[in-house]
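Engineer: Shown below is the structure under consideration.
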Amino acid sequence: MRVYISVDIEGIATIVNSESTSAAGNNYERARRQMTAEANAAVLGALAAGATEILINDSHGCQTNLLPHELHPAAELIQGTPKPLMMMEGIDPRFDAAMFVGYHARMLQHGVLSHTISSRSVSNVWLNGQPIGETAINAAVAGYYKVPVVFVSGDNELCKEAEETLGNVETACVKHAITRVSARSLHPAKACEVIENGVQKALKNINQYKPYLPTGPYTFNLQFINAGMADAAAMMPGAVRVDGSTVSFSHTDYMEAFRGLRCMINLGA
Ligand SMILES: [Zn+2]
């Protein structure tokens, strides 16, 4: 059994603000250790369920957060940015399951450090008229390769969003959001325990999960936090200006639509 794991940082236990998520932050070293511990918990759960190949993608910011020497030796690790598939780099049709650890709710929703791809520029993203966050955007990349997302971990708002969008998915809630920058968290060791157990349970029932991919054609609408960002993004070939702050891109192929979304975000930023 081949397992793919994308690891973000905002949904890791005890993390509540940018002191933990930015390399310049006072709590960053502590945060990346816990991020690595929760990735390892997922690896242990996967191994207990019979995984024979495990690939981890470091999916936050600089994408060199995870500590390679502390990572379980059964896993291989992708780090660095930019990567063509970003938070889903390395996924391919050979994988049997994908999992998201440390994920967060989408921009404008409740949830610790909620945002969608870029908290400095993106106000909202819609796919075919439905608001969509990183969980579903990335689940659809896995779905494109017919790989189901079987497990996600993060705060209570992330778990709710994942269940509402993906349907059948095992979730592990490691903290409850109080505000966007405060939370009541499980102890770091307890968070690892619920992740390990959740991953093992999901993979033991792997046949009950279906790949997630809405039917095409695919139209991404992207609203920026100001019109100047939309001015820049609208220069992309194929981009359509919807209103002062919103641009749109459509394609019949999800991966091409996804690339269009990424390009518009990069141009806007
Ligand atoms: Zn992140």
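Ordered as shown in the structure tokens, chains take letters A, B, and onward, while each chain numbers its residues from 1 and ligands are numbered from 1 in the order shown.
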Would you kindly return, as a list of chain:residue names, each protein, DNA or RNA residue with an atom no farther than 8 Å from any atom of A:Ala269, considering only C-alpha atoms and excluding same-chain residues fewer than 5 positions away?

Structural biologist: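 Close residues of A:Ala269: A:Arg120, A:Ser121, A:Met229.
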
Engineer: Selection from above, N, CA, C and O atoms, as a JSON list (two decimals), in the first residue's frame, can you write it?

Structural biologist:
```json
[["chain", "number", "residue", "atom", "x", "y", "z"],
["A", 120, "ARG", "N", -1.91, 36.83, 2.35],
["A", 120, "ARG", "CA", -1.59, 38.23, 2.06],
["A", 120, "ARG", "C", -2.30, 38.76, 0.83],
["A", 120, "ARG", "O", -2.31, 39.96, 0.59],
["A", 121, "SER", "N", -2.89, 37.86, 0.01],
["A", 121, "SER", "CA", -3.49, 38.38, -1.23],
["A", 121, "SER", "C", -4.87, 37.80, -1.56],
["A", 121, "SER", "O", -5.68, 38.48, -2.18],
["A", 229, "MET", "N", -4.15, 43.81, -7.31],
["A", 229, "MET", "CA", -3.75, 42.42, -7.47],
["A", 229, "MET", "C", -4.53, 41.77, -8.61],
["A", 229, "MET", "O", -3.98, 40.99, -9.40]]
```

Engineer: Applying 10 Å and only C-alpha atoms, which residues near A:Gln208 remain after dropping the ones on its own chain fewer than 2 positions away? List them as a PyMOL selection string.

Structural biologist: chain A and resi 148+150+168-169+202-206+210

Engineer: Report as a PDB file with N, CA, C and O atoms, in the first residue's frame all protein, DNA and RNA residues lying within 10 Å of A:Ala23, evaluated on only C-alpha atoms, omitting residues in the same chain fewer than 5 positions from it.

Structural biologist:
```
ATOM      1  N   SER A  18       1.310  33.617  13.997  1.00  0.00           N
ATOM      2  CA  SER A  18       2.469  33.628  13.103  1.00  0.00           C
ATOM      3  C   SER A  18       3.792  33.482  13.851  1.00  0.00           C
ATOM      4  O   SER A  18       4.822  33.264  13.223  1.00  0.00           O
ATOM      5  N   TYR A  28       8.733  29.270  16.245  1.00  0.00           N
ATOM      6  CA  TYR A  28       8.826  28.471  15.022  1.00  0.00           C
ATOM      7  C   TYR A  28       9.544  27.135  15.242  1.00  0.00           C
ATOM      8  O   TYR A  28       9.087  26.101  14.757  1.00  0.00           O
ATOM      9  N   GLU A  29      10.653  27.152  15.990  1.00  0.00           N
ATOM     10  CA  GLU A  29      11.410  25.903  16.169  1.00  0.00           C
ATOM     11  C   GLU A  29      10.575  24.853  16.905  1.00  0.00           C
ATOM     12  O   GLU A  29      10.578  23.672  16.563  1.00  0.00           O
ATOM     13  N   ALA A  31       7.337  24.786  16.867  1.00  0.00           N
ATOM     14  CA  ALA A  31       6.235  24.415  15.970  1.00  0.00           C
ATOM     15  C   ALA A  31       6.669  23.375  14.944  1.00  0.00           C
ATOM     16  O   ALA A  31       5.949  22.415  14.667  1.00  0.00           O
ATOM     17  N   ARG A  32       7.863  23.550  14.384  1.00  0.00           N
ATOM     18  CA  ARG A  32       8.290  22.598  13.349  1.00  0.00           C
ATOM     19  C   ARG A  32       8.603  21.236  13.959  1.00  0.00           C
ATOM     20  O   ARG A  32       8.479  20.217  13.294  1.00  0.00           O
ATOM     21  N   GLY A  61       4.540  27.354   3.480  1.00  0.00           N
ATOM     22  CA  GLY A  61       5.433  28.508   3.320  1.00  0.00           C
ATOM     23  C   GLY A  61       6.710  28.177   2.563  1.00  0.00           C
ATOM     24  O   GLY A  61       6.681  27.831   1.382  1.00  0.00           O
ATOM     25  N   CYS A  62       7.838  28.250   3.255  1.00  0.00           N
ATOM     26  CA  CYS A  62       9.146  27.956   2.653  1.00  0.00           C
ATOM     27  C   CYS A  62       9.258  26.486   2.248  1.00  0.00           C
ATOM     28  O   CYS A  62      10.108  26.108   1.452  1.00  0.00           O
ATOM     29  N   THR A  64      10.328  24.030   3.822  1.00  0.00           N
ATOM     30  CA  THR A  64      11.476  23.334   4.419  1.00  0.00           C
ATOM     31  C   THR A  64      11.304  23.359   5.939  1.00  0.00           C
ATOM     32  O   THR A  64      12.241  23.629   6.688  1.00  0.00           O
ATOM     33  N   ASN A  65      10.072  23.074   6.395  1.00  0.00           N
ATOM     34  CA  ASN A  65       9.766  23.147   7.829  1.00  0.00           C
ATOM     35  C   ASN A  65      10.079  21.845   8.560  1.00  0.00           C
ATOM     36  O   ASN A  65      10.587  21.854   9.684  1.00  0.00           O
TER      37      ASN A  65
END
```

Engineer: In terms of the shortest atom-to-atom distance over only C-alpha atoms and all ligand atoms, which of A:Glu76, A:Asp243, A:Glu70, A:Glu134 is closest to ligand 1?

Structural biologist: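 Among the listed residues, the smallest separation from ligand 1 belongs to A:Glu134.
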
Engineer: Atom CA of A:Gly268 and atom CA of A:Ile137 are how many Å apart?

Structural biologist: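 Computed distance, atom CA of A:Gly268 to atom CA of A:Ile137, equals 18.6 Å.
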
Engineer: Using only C-alpha atoms and all ligand atoms, what table do you get, as a tab-separated table, when you list each residue of chain A with an atom no more than 10 Å from ligand 1, its nearest pair of atoms, and their distance in Å rounded to one decimal, rows by chain then rising number?

Structural biologist:
```
residue	atom	partner	partner_atom_place_in_ligand_line	distance
A:Val7	CA	ligand 1	1 (Zn)	8.4
A:Asp8	CA	ligand 1	1 (Zn)	4.8
A:Ile9	CA	ligand 1	1 (Zn)	5.1
A:Glu10	CA	ligand 1	1 (Zn)	5.4
A:Gly11	CA	ligand 1	1 (Zn)	8.2
A:Ile12	CA	ligand 1	1 (Zn)	9.9
A:Thr21	CA	ligand 1	1 (Zn)	7.3
A:Ser22	CA	ligand 1	1 (Zn)	9.4
A:Asp58	CA	ligand 1	1 (Zn)	9.5
A:Ser59	CA	ligand 1	1 (Zn)	6.6
A:His60	CA	ligand 1	1 (Zn)	4.0
A:Gly61	CA	ligand 1	1 (Zn)	5.8
A:Cys62	CA	ligand 1	1 (Zn)	9.3
A:Gln63	CA	ligand 1	1 (Zn)	8.8
A:Met87	CA	ligand 1	1 (Zn)	9.2
A:Gly102	CA	ligand 1	1 (Zn)	8.2
A:Tyr103	CA	ligand 1	1 (Zn)	7.3
A:His104	CA	ligand 1	1 (Zn)	7.8
A:Leu113	CA	ligand 1	1 (Zn)	8.8
A:Ser114	CA	ligand 1	1 (Zn)	9.5
A:His115	CA	ligand 1	1 (Zn)	8.6
A:Thr116	CA	ligand 1	1 (Zn)	9.1
A:Ile117	CA	ligand 1	1 (Zn)	7.6
A:Ser118	CA	ligand 1	1 (Zn)	8.8
A:Ser119	CA	ligand 1	1 (Zn)	9.4
A:Glu134	CA	ligand 1	1 (Zn)	9.6
```

Engineer: Enumerate, as a ChimeraX atom specification, the complete set of residues in stretch 107-256 of chain A that a backbone-based DSSP assignment places in alpha helix (DSSP H).

Structural biologist: /A:134-144,156-166,188-204,227-233,254-256

Engineer: I'd like to know which of A:Asn40, A:Thr219, A:Thr52, A:Ser245 is closest to A:Gly260, using only C-alpha atoms.

Structural biologist: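 Comparing A:Asn40, A:Thr219, A:Thr52, A:Ser245 against A:Gly260, the winner is A:Thr219.
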
Engineer: Which residue is closest to A:Met99? Choose from A:Asn266, A:Ile56, A:Asp253, A:Ile225 and count only C-alpha atoms.

Structural biologist: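 Among the listed residues, the smallest separation from A:Met99 belongs to A:Ile56.
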
Engineer: Kindly give the distance, in Å, that separates atom CA of A:Phe220 and atom CA of A:Val181, rounded to a single decimal.

Structural biologist: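 Taking atom CA of A:Phe220 and atom CA of A:Val181, their separation equals 28.4 Å.
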
Engineer: For a quick check of understanding, using only C-alpha atoms, which of A:Val125, A:Val112, A:Ala172, A:Ala98 has the smallest distance to A:Ser248?

Structural biologist: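 Checking each candidate against A:Ser248, we get A:Val125 as the closest.
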
Engineer: Just how far from atom CA of A:Gly129 is atom CA of A:Gly244, in Å to one decimal?

Structural biologist: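 So the two atoms, atom CA of A:Gly244 and atom CA of A:Gly129, lie 17.7 Å apart.
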
Engineer: Which of these, A:Asp96, A:Glu170, A:Glu89, A:Glu163, has the shortest distance to A:Asn197 once you count only C-alpha atoms?

Structural biologist: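 Of A:Asp96, A:Glu170, A:Glu89, A:Glu163, the one nearest A:Asn197 is A:Glu170, counting only C-alpha atoms.
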